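Heads up, target.cif below (mmCIF, C-alpha atoms and all ligand atoms):
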data_start
#
loop_
_atom_site.label_atom_id
_atom_site.label_comp_id
_atom_site.auth_asym_id
_atom_site.auth_seq_id
_atom_site.Cartn_x
_atom_site.Cartn_y
_atom_site.Cartn_z
CA MET J 22 54.22 -11.79 -79.59
CA SER J 23 56.15 -12.93 -76.56
CA LEU J 24 59.06 -11.65 -74.53
CA SER J 25 62.52 -12.99 -75.33
CA ALA J 26 66.10 -12.02 -74.59
CA ALA J 27 66.89 -11.56 -78.29
CA SER J 28 63.83 -9.39 -79.03
CA LEU J 29 64.51 -7.22 -75.98
CA ILE J 30 68.11 -6.67 -77.06
CA GLU J 31 66.95 -5.77 -80.55
CA ALA J 32 64.29 -3.38 -79.23
CA SER J 33 66.76 -1.71 -76.81
CA ALA J 34 69.40 -1.29 -79.54
CA ALA J 35 66.89 0.47 -81.79
CA LEU J 36 66.25 3.03 -79.02
CA ASP J 37 69.89 3.52 -78.09
CA LEU J 38 69.39 2.61 -74.42
CA PRO J 39 72.47 2.94 -72.19
CA GLN J 40 72.20 -0.72 -71.11
CA ALA J 41 70.72 -3.75 -72.86
CA ILE J 42 67.58 -4.94 -71.06
CA ARG J 43 68.12 -8.29 -69.34
CA PHE J 44 65.48 -10.98 -69.57
CA ILE J 45 64.71 -13.68 -67.05
CA ALA J 46 61.99 -16.25 -67.82
CA GLU J 47 60.80 -16.63 -64.22
CA THR J 48 61.84 -15.04 -60.96
CA GLY J 49 60.50 -14.10 -57.54
CA SER J 50 60.57 -10.33 -58.01
CA THR J 51 62.45 -8.21 -60.56
CA ASN J 52 62.75 -5.48 -57.91
CA ALA J 53 64.47 -7.87 -55.50
CA ASP J 54 66.79 -9.11 -58.28
CA LEU J 55 67.73 -5.61 -59.42
CA ARG J 56 68.35 -4.46 -55.85
CA ARG J 57 70.92 -7.24 -55.53
CA LEU J 58 72.57 -6.17 -58.80
CA ALA J 59 72.55 -2.54 -57.62
CA GLU J 60 74.32 -3.51 -54.40
CA GLN J 61 76.98 -5.20 -56.58
CA GLY J 62 77.49 -1.93 -58.50
CA ALA J 63 75.19 -2.26 -61.54
CA PRO J 64 75.08 1.06 -63.47
CA HIS J 65 72.30 3.63 -63.92
CA GLY J 66 69.83 2.44 -66.56
CA SER J 67 70.21 -1.28 -65.87
CA ALA J 68 66.86 -2.94 -66.54
CA LEU J 69 65.37 -6.35 -65.97
CA VAL J 70 62.23 -7.90 -67.47
CA ALA J 71 60.66 -11.16 -66.29
CA GLY J 72 58.35 -13.52 -68.13
CA SER J 73 56.66 -14.27 -64.82
CA GLN J 74 57.08 -13.48 -61.12
CA THR J 75 56.25 -15.74 -58.20
CA GLN J 76 56.66 -13.13 -55.43
CA GLY J 77 55.87 -9.84 -57.10
CA ARG J 78 55.90 -6.93 -54.66
CA GLY J 79 53.25 -4.22 -54.63
CA ARG J 80 52.91 -0.90 -52.82
CA LEU J 81 52.18 -0.79 -49.08
CA GLY J 82 53.45 -4.35 -48.58
CA ARG J 83 50.94 -5.93 -50.96
CA THR J 84 51.50 -8.79 -53.39
CA TRP J 85 51.56 -8.07 -57.13
CA LEU J 86 50.31 -10.75 -59.51
CA THR J 87 51.91 -11.17 -62.93
CA PRO J 88 49.62 -13.37 -65.06
CA LYS J 89 50.26 -14.15 -68.72
CA GLY J 90 50.08 -10.95 -70.76
CA SER J 91 51.32 -8.78 -67.88
CA LEU J 92 54.75 -7.13 -68.05
CA ALA J 93 57.08 -7.09 -65.02
CA LEU J 94 59.97 -4.68 -65.37
CA SER J 95 62.47 -2.98 -63.05
CA VAL J 96 64.88 -0.15 -63.82
CA LEU J 97 67.85 1.00 -61.74
CA LEU J 98 68.30 4.75 -61.32
CA ARG J 99 71.24 6.49 -59.72
CA PRO J 100 70.00 10.10 -59.67
CA ASN J 101 71.75 13.02 -58.05
CA LEU J 102 68.96 13.79 -55.58
CA PRO J 103 68.53 14.46 -51.87
CA LEU J 104 66.53 11.72 -50.18
CA ALA J 105 63.67 14.19 -49.76
CA GLY J 106 63.38 14.38 -53.57
CA ALA J 107 63.04 10.63 -54.06
CA ALA J 108 59.24 10.51 -53.68
CA ARG J 109 58.90 12.57 -56.84
CA MET J 110 60.53 9.75 -58.81
CA ASN J 111 57.23 7.89 -58.31
CA LEU J 112 55.54 10.68 -60.22
CA ALA J 113 58.15 10.65 -63.01
CA ALA J 114 57.64 6.89 -63.34
CA ALA J 115 53.87 7.34 -63.52
CA VAL J 116 54.29 9.97 -66.23
CA ALA J 117 56.56 7.68 -68.28
CA THR J 118 54.22 4.71 -67.84
CA SER J 119 51.00 6.53 -68.68
CA LEU J 120 52.58 8.12 -71.78
CA THR J 121 53.71 4.67 -72.94
CA CYS J 122 50.28 3.15 -72.28
CA GLY J 123 48.57 5.77 -74.47
CA ASP J 124 46.35 8.84 -74.42
CA ALA J 125 43.35 7.12 -72.86
CA PHE J 126 45.19 6.23 -69.66
CA ARG J 127 45.35 8.46 -66.58
CA ILE J 128 47.31 8.61 -63.30
CA LYS J 129 45.83 8.01 -59.86
CA TRP J 130 47.94 9.59 -57.12
CA PRO J 131 50.72 8.81 -56.67
CA ASN J 132 51.51 6.36 -59.44
CA ASP J 133 48.76 3.95 -60.50
CA VAL J 134 47.81 4.04 -64.17
CA LEU J 135 44.10 3.66 -64.81
CA ALA J 136 41.78 2.86 -67.67
CA PRO J 137 39.05 5.41 -68.44
CA ASP J 138 36.59 3.42 -66.28
CA GLY J 139 38.94 3.65 -63.27
CA ARG J 140 40.25 0.09 -63.37
CA LYS J 141 43.99 -0.32 -62.89
CA VAL J 142 46.26 -1.21 -65.82
CA ALA J 143 49.68 -0.54 -64.25
CA GLY J 144 51.30 -0.19 -60.84
CA ILE J 145 54.67 1.14 -59.74
CA LEU J 146 56.83 0.35 -56.74
CA ALA J 147 59.94 2.52 -56.29
CA GLU J 148 62.37 1.24 -53.66
CA VAL J 149 65.03 3.67 -52.51
CA GLU J 150 68.44 3.19 -50.88
CA ALA J 151 70.04 6.24 -49.29
CA ARG J 152 73.55 7.23 -48.25
CA GLY J 153 74.36 10.36 -46.21
CA GLY J 154 70.96 11.96 -46.79
CA ARG J 155 71.15 11.49 -50.58
CA VAL J 156 69.74 8.86 -52.91
CA ASP J 157 72.26 6.09 -53.53
CA PHE J 158 69.97 4.24 -55.92
CA LEU J 159 66.33 3.68 -56.74
CA VAL J 160 64.83 0.51 -58.15
CA VAL J 161 61.66 1.43 -60.01
CA GLY J 162 59.47 -1.62 -60.58
CA ILE J 163 56.61 -1.36 -63.04
CA GLY J 164 53.89 -3.91 -63.70
CA VAL J 165 51.73 -3.32 -66.79
CA ASN J 166 48.76 -5.44 -67.82
CA LEU J 167 49.36 -5.39 -71.57
CA SER J 168 47.01 -8.12 -72.77
CA GLY J 169 46.16 -9.91 -69.52
CA ALA J 170 45.14 -8.89 -66.00
CA PRO J 171 44.76 -10.96 -62.83
CA ALA J 172 41.29 -12.54 -62.91
CA GLU J 173 41.07 -12.44 -59.11
CA VAL J 174 41.41 -8.63 -59.00
CA ALA J 175 38.09 -7.08 -60.02
CA GLN J 176 39.57 -3.59 -60.22
CA ALA J 177 42.21 -4.62 -62.81
CA THR J 178 42.04 -4.62 -66.59
CA SER J 179 44.49 -4.65 -69.49
CA LEU J 180 45.49 -2.11 -72.13
CA GLN J 181 44.27 -4.44 -74.85
CA ALA J 182 40.86 -4.88 -73.19
CA VAL J 183 40.50 -1.08 -73.22
CA ASP J 184 41.69 -0.11 -76.70
CA GLY J 185 41.89 -3.41 -78.60
CA GLN J 186 45.54 -2.80 -79.55
CA ILE J 187 47.95 -5.73 -79.63
CA ARG J 188 51.30 -4.53 -78.31
CA ASP J 189 54.72 -6.15 -78.72
CA PRO J 190 55.89 -6.53 -75.08
CA ASN J 191 59.56 -6.22 -76.12
CA ALA J 192 59.06 -2.88 -77.87
CA PHE J 193 56.75 -1.68 -75.07
CA ALA J 194 59.36 -2.54 -72.42
CA ALA J 195 62.18 -0.79 -74.33
CA THR J 196 60.09 2.34 -74.92
CA LEU J 197 59.05 2.42 -71.27
CA VAL J 198 62.67 2.18 -70.08
CA GLN J 199 63.66 4.98 -72.46
CA ARG J 200 60.80 7.22 -71.28
CA LEU J 201 61.52 6.50 -67.63
CA LEU J 202 65.20 7.43 -68.04
CA HIS J 203 64.17 10.59 -69.86
CA GLN J 204 61.63 11.69 -67.22
CA ALA J 205 64.02 10.78 -64.38
CA HIS J 206 66.73 12.95 -65.94
CA ARG J 207 64.24 15.76 -66.44
CA LEU J 208 63.17 15.52 -62.82
CA GLU J 209 66.69 16.46 -61.74
CA ALA J 210 66.96 19.40 -64.15
CA ASP J 211 63.38 20.73 -64.27
CA PRO J 212 61.09 18.96 -61.78
CA GLU J 213 58.18 21.33 -62.42
CA ALA J 214 57.99 20.21 -66.08
CA VAL J 215 57.52 16.57 -65.00
CA LEU J 216 55.00 17.49 -62.32
CA GLN J 217 53.01 19.50 -64.85
CA ILE J 218 52.65 16.45 -67.14
CA TRP J 219 51.56 14.46 -64.08
CA ARG J 220 48.88 17.10 -63.33
CA ASP J 221 47.71 17.12 -66.97
CA ARG J 222 47.32 13.33 -66.93
CA SER J 223 45.86 13.08 -63.44
CA ALA J 224 42.65 11.16 -62.71
CA THR J 225 42.79 12.34 -59.07
CA LEU J 226 42.93 16.15 -59.15
CA GLY J 227 39.46 17.64 -58.80
CA GLN J 228 37.98 14.35 -57.51
CA TRP J 229 36.19 13.73 -54.22
CA VAL J 230 38.38 11.25 -52.37
CA ARG J 231 38.88 9.29 -49.19
CA VAL J 232 42.40 8.74 -47.80
CA GLY J 233 42.29 6.84 -44.52
CA ALA J 234 40.00 8.88 -42.23
CA LEU J 235 40.28 12.02 -44.39
CA GLN J 236 37.56 12.89 -46.89
CA GLY J 237 37.47 15.85 -49.23
CA ARG J 238 38.44 17.10 -52.64
CA ALA J 239 41.91 16.54 -54.15
CA VAL J 240 42.83 20.11 -55.08
CA ALA J 241 46.54 20.18 -55.94
CA LEU J 242 49.84 18.36 -56.32
CA ASP J 243 52.60 20.06 -54.33
CA ALA J 244 56.15 20.48 -55.62
CA ASP J 245 57.39 17.67 -53.35
CA GLY J 246 54.76 15.25 -54.71
CA ALA J 247 52.31 15.53 -51.80
CA LEU J 248 48.60 15.57 -52.63
CA ARG J 249 46.58 18.46 -51.19
CA VAL J 250 43.10 17.52 -50.02
CA GLU J 251 40.56 20.14 -48.92
CA ASP J 252 38.12 18.85 -46.31
CA PHE J 253 34.48 19.99 -45.94
CA GLU J 254 35.43 22.77 -43.52
CA GLY J 255 37.98 24.18 -45.96
CA GLY J 256 40.96 22.71 -44.08
CA ILE J 257 43.91 21.76 -46.28
CA HIS J 258 45.72 18.46 -45.66
CA ARG J 259 48.95 17.30 -47.29
CA VAL J 260 48.90 13.56 -48.03
CA LEU J 261 52.35 12.00 -48.34
CA SER J 262 51.44 8.33 -48.67
CA GLY J 263 48.48 6.00 -48.70
CA ASP J 264 45.64 4.84 -50.90
CA VAL J 265 43.41 7.47 -52.43
CA GLU J 266 39.95 6.16 -53.25
CA PRO J 267 37.49 8.16 -55.33
CA VAL J 268 34.11 8.61 -53.65
CA ALA J 269 30.72 9.61 -55.03
CA MET J 270 29.04 12.81 -53.78
CA ARG J 271 25.25 13.09 -53.72
CA ASN J 272 23.31 16.07 -52.29
CA GLY J 273 26.48 17.42 -50.70
CA ARG J 274 27.25 14.11 -48.93
CA ILE J 275 29.79 11.43 -49.61
CA GLU J 276 28.17 8.06 -50.31
C1 LIG W 301 51.46 -1.54 -56.94
O1 LIG W 301 51.15 -2.04 -55.86
O2 LIG W 301 50.62 -0.96 -57.64
C2 LIG W 301 52.87 -1.62 -57.44
C3 LIG W 301 53.11 -2.84 -58.26
C4 LIG W 301 54.53 -2.96 -58.80
C5 LIG W 301 54.73 -4.28 -59.50
C6 LIG W 301 56.05 -4.36 -60.23
S1 LIG W 301 56.13 -5.75 -61.30
C7 LIG W 301 57.83 -5.49 -61.53
C8 LIG W 301 58.41 -5.09 -60.21
N1 LIG W 301 58.79 -6.25 -59.42
C9 LIG W 301 58.08 -6.35 -58.31
O3 LIG W 301 58.19 -7.25 -57.46
N2 LIG W 301 57.17 -5.36 -58.24
C10 LIG W 301 57.30 -4.45 -59.36
#
Go ahead and render the structure in this file as structure tokens.
Amino acid sequence: MSLSAASLIEASAALDLPQAIRFIAETGSTNADLRRLAEQGAPHGSALVAGSQTQGRGRLGRTWLTPKGSLALSVLLRPNLPLAGAARMNLAAAVATSLTCGDAFRIKWPNDVLAPDGRKVAGILAEVEARGGRVDFLVVGIGVNLSGAPAEVAQATSLQAVDGQIRDPNAFAATLVQRLLHQAHRLEADPEAVLQIWRDRSATLGQWVRVGALQGRAVALDADGALRVEDFEGGIHRVLSGDVEPVAMRNGRIE
């Protein structure tokens, strides 16, 4: 099964999406493309899927590789949110993505989706544009390794490698857009409900972790999306961004 404009339109129509999903065979980055469309006034719910990307963007300025079998998708959101609430959209996107991937898949703070062995199957990059202290628009870019993962990234795997299921990328993309729009809407009305699903699907809470120079146990997710880490002296630290790496503890020491 491969992506096509016709199959995406069919899959979106079946789910009653507000906008038909656009398909582009190859592009630099779907996030960059959708940002341009947003600046030209594209509506909430506009979505773009690419067959391949040559300049995929990852979190923290990294590159994101989109090999064959990997889905690259961006969705435009125009929520009614203060800028301070935008970070939580990362969590809503992670909830939507992990639910679409399946029960076996868990969320690493803030928004990576992991296989049971800790390898990454999906990543999310939300880019925000603000006006007067409020969100003007958000472009939420999601990369999912459906049946293929970049061979050069040891810590990556695909959904199919984990559960053996062959997924139709068109139906997967349409379902993911629908779930993202649903969770984004819910975040405005009842943020705690979305955060609670995030907590229930978290691979990070309860783990021993390292974030930059900080080491300790990830103990909670705050209402604003910050991760609470308790260090060895009992000090509580709020982590707002960065890479959280799980660490092994042996005889009371981190290895
Ligand atoms: C991460 O670093 O984990 C985030 C990866 C986000 C990749 C997706 S693929 C579709 C969209 N377009 C991009 O250029 N990046 C995002």
Inset, instruction - Would you mind reading off the distance between atom CA of J:Leu29 and atom CA of J:Phe126, one decimal, in Å? - result: 24.4 Å
As JSON, please: the centre and edge lengths in Å, to one decimal, of an axis-aligned box enclosing every listed atom of stretch 232-243 of chain J with 4 Å added on each side.
{"center_x": 45.0, "center_y": 13.5, "center_z": -49.3, "size_x": 23.1, "size_y": 21.3, "size_z": 22.1}
Collect all residues with atoms no farther than 10 Å from ligand LIG 301 (chain W), counting all atoms listed in the file, and output them as a short mmCIF file (atom, residue, chain, number, x, y, z; two decimals) with C-alpha atoms, in the frame of the given file.
data_model
loop_
_atom_site.label_atom_id
_atom_site.label_comp_id
_atom_site.auth_asym_id
_atom_site.auth_seq_id
_atom_site.Cartn_x
_atom_site.Cartn_y
_atom_site.Cartn_z
CA THR J 48 61.84 -15.04 -60.96
CA GLY J 49 60.50 -14.10 -57.54
CA SER J 50 60.57 -10.33 -58.01
CA THR J 51 62.45 -8.21 -60.56
CA ASN J 52 62.75 -5.48 -57.91
CA ALA J 53 64.47 -7.87 -55.50
CA ASP J 54 66.79 -9.11 -58.28
CA LEU J 55 67.73 -5.61 -59.42
CA LEU J 69 65.37 -6.35 -65.97
CA VAL J 70 62.23 -7.90 -67.47
CA ALA J 71 60.66 -11.16 -66.29
CA SER J 73 56.66 -14.27 -64.82
CA GLN J 74 57.08 -13.48 -61.12
CA THR J 75 56.25 -15.74 -58.20
CA GLN J 76 56.66 -13.13 -55.43
CA GLY J 77 55.87 -9.84 -57.10
CA ARG J 78 55.90 -6.93 -54.66
CA GLY J 79 53.25 -4.22 -54.63
CA ARG J 80 52.91 -0.90 -52.82
CA LEU J 81 52.18 -0.79 -49.08
CA GLY J 82 53.45 -4.35 -48.58
CA ARG J 83 50.94 -5.93 -50.96
CA THR J 84 51.50 -8.79 -53.39
CA TRP J 85 51.56 -8.07 -57.13
CA LEU J 86 50.31 -10.75 -59.51
CA THR J 87 51.91 -11.17 -62.93
CA SER J 91 51.32 -8.78 -67.88
CA LEU J 92 54.75 -7.13 -68.05
CA ALA J 93 57.08 -7.09 -65.02
CA LEU J 94 59.97 -4.68 -65.37
CA SER J 95 62.47 -2.98 -63.05
CA VAL J 96 64.88 -0.15 -63.82
CA PRO J 131 50.72 8.81 -56.67
CA ASN J 132 51.51 6.36 -59.44
CA ASP J 133 48.76 3.95 -60.50
CA VAL J 134 47.81 4.04 -64.17
CA LYS J 141 43.99 -0.32 -62.89
CA VAL J 142 46.26 -1.21 -65.82
CA ALA J 143 49.68 -0.54 -64.25
CA GLY J 144 51.30 -0.19 -60.84
CA ILE J 145 54.67 1.14 -59.74
CA LEU J 146 56.83 0.35 -56.74
CA ALA J 147 59.94 2.52 -56.29
CA GLU J 148 62.37 1.24 -53.66
CA VAL J 160 64.83 0.51 -58.15
CA VAL J 161 61.66 1.43 -60.01
CA GLY J 162 59.47 -1.62 -60.58
CA ILE J 163 56.61 -1.36 -63.04
CA GLY J 164 53.89 -3.91 -63.70
CA VAL J 165 51.73 -3.32 -66.79
CA ASN J 166 48.76 -5.44 -67.82
#
Legend entry - Gap from atom CA of J:Asp138 to atom CA of J:Leu197 - Å, one decimal: 23.0 Å
Inset, instruction - Take the point (56.7, 15.0, -64.2) in the file's coordinates, draw a sphere of radius 9 Å around it, and report as an NGL selection string every protein, DNA or RNA residue with an atom inside or on it, counting only C-alpha atoms. - result: :J and (109-110 or 112-117 or 204-205 or 207-208 or 211-220)
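Closest to J:Thr118 among J:Ala177, J:Ala194, J:Arg238, J:Ala172 is J:Ala194, based on all atoms listed in the file.
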Inset, instruction - Just give me the gap between atom CA of J:Ala210 and atom CA of J:Asp157 in Å, one decimal is fine. - result: 17.8 Å
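When only C-alpha atoms are used to compute distances to J:Glu173, the closest of the residues J:Gly255, J:Gly106, J:Pro88, J:Ala27 turns out to be J:Pro88.
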Inset, instruction - With a distance cut-off of 9 Å and only C-alpha atoms, select the neighbouring residues of J:Phe193, excluding the residue or stretch itself and same-chain residues fewer than 6 positions from it, and output the selection as a PyMOL selection string. - result: chain J and resi 32+121-122+167
Inset, instruction - Within 10 Å of J:Glu254, counting all atoms listed in the file, which residues show up once you throw out same-chain ones fewer than 3 positions away? Write them as JSON, numbers by chain, please. - result: {"J": [237, 251, 257]}
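Residues in contact with J:Pro103 at up to 8 Å, not including ones fewer than 3 positions away on its chain and judged by all atoms listed in the file, are J:Gly106, J:Ala107, J:Gly154, J:Arg155, J:Val156.
For the residues J:Ala105, J:Val250, J:Ala26, J:Val268, ranking by smallest atom-to-atom distance to J:Gly153 using only C-alpha atoms places J:Ala105 first.
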Which residues are near J:Ser23? Cut-off 10 Å, all atoms listed in the file, ignore same chain within fewer than 2 positions. Put them as a JSON list (two decimals) with C-alpha atoms, in the frame of the given file.
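This is the output file out37.json:
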[["chain", "number", "residue", "atom", "x", "y", "z"],
["J", 25, "SER", "CA", 62.52, -12.99, -75.33],
["J", 28, "SER", "CA", 63.83, -9.39, -79.03],
["J", 72, "GLY", "CA", 58.35, -13.52, -68.13],
["J", 89, "LYS", "CA", 50.26, -14.15, -68.72],
["J", 90, "GLY", "CA", 50.08, -10.95, -70.76],
["J", 188, "ARG", "CA", 51.30, -4.53, -78.31],
["J", 189, "ASP", "CA", 54.72, -6.15, -78.72],
["J", 190, "PRO", "CA", 55.89, -6.53, -75.08],
["J", 191, "ASN", "CA", 59.56, -6.22, -76.12]]
Inset, instruction - Rank J:Ala46, J:Gln228, J:Ala195, J:Thr178 by their smallest atom-to-atom distance to J:Arg140, using only C-alpha atoms, and report the top residue only. - result: J:Thr178
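Closest approach to J:Arg56 among J:Phe158, J:Trp229, J:Trp130, J:Phe44 is made by J:Phe158 (distances from only C-alpha atoms).
Each of J:Gly273, J:Pro64, J:Gly139, J:Pro39 was checked against J:Thr225 using all atoms listed in the file; the smallest atom-to-atom distance is that of J:Gly139.
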Legend entry - Residue list as a PyMOL selection string for point (32.9, 11.7, -45.0), cut-off 12 Å, only C-alpha atoms: chain J and resi 229-238+252-254+267-271+273-276
Take the residues just selected and output them with C-alpha atoms as a PDB file, in the frame of the given file.
ATOM      1  CA  TRP J 229      36.190  13.730 -54.220  1.00  0.00           C
ATOM      2  CA  VAL J 230      38.380  11.250 -52.370  1.00  0.00           C
ATOM      3  CA  ARG J 231      38.880   9.290 -49.190  1.00  0.00           C
ATOM      4  CA  VAL J 232      42.400   8.740 -47.800  1.00  0.00           C
ATOM      5  CA  GLY J 233      42.290   6.840 -44.520  1.00  0.00           C
ATOM      6  CA  ALA J 234      40.000   8.880 -42.230  1.00  0.00           C
ATOM      7  CA  LEU J 235      40.280  12.020 -44.390  1.00  0.00           C
ATOM      8  CA  GLN J 236      37.560  12.890 -46.890  1.00  0.00           C
ATOM      9  CA  GLY J 237      37.470  15.850 -49.230  1.00  0.00           C
ATOM     10  CA  ARG J 238      38.440  17.100 -52.640  1.00  0.00           C
ATOM     11  CA  ASP J 252      38.120  18.850 -46.310  1.00  0.00           C
ATOM     12  CA  PHE J 253      34.480  19.990 -45.940  1.00  0.00           C
ATOM     13  CA  GLU J 254      35.430  22.770 -43.520  1.00  0.00           C
ATOM     14  CA  PRO J 267      37.490   8.160 -55.330  1.00  0.00           C
ATOM     15  CA  VAL J 268      34.110   8.610 -53.650  1.00  0.00           C
ATOM     16  CA  ALA J 269      30.720   9.610 -55.030  1.00  0.00           C
ATOM     17  CA  MET J 270      29.040  12.810 -53.780  1.00  0.00           C
ATOM     18  CA  ARG J 271      25.250  13.090 -53.720  1.00  0.00           C
ATOM     19  CA  GLY J 273      26.480  17.420 -50.700  1.00  0.00           C
ATOM     20  CA  ARG J 274      27.250  14.110 -48.930  1.00  0.00           C
ATOM     21  CA  ILE J 275      29.790  11.430 -49.610  1.00  0.00           C
ATOM     22  CA  GLU J 276      28.170   8.060 -50.310  1.00  0.00           C
TER      23      GLU J 276
END
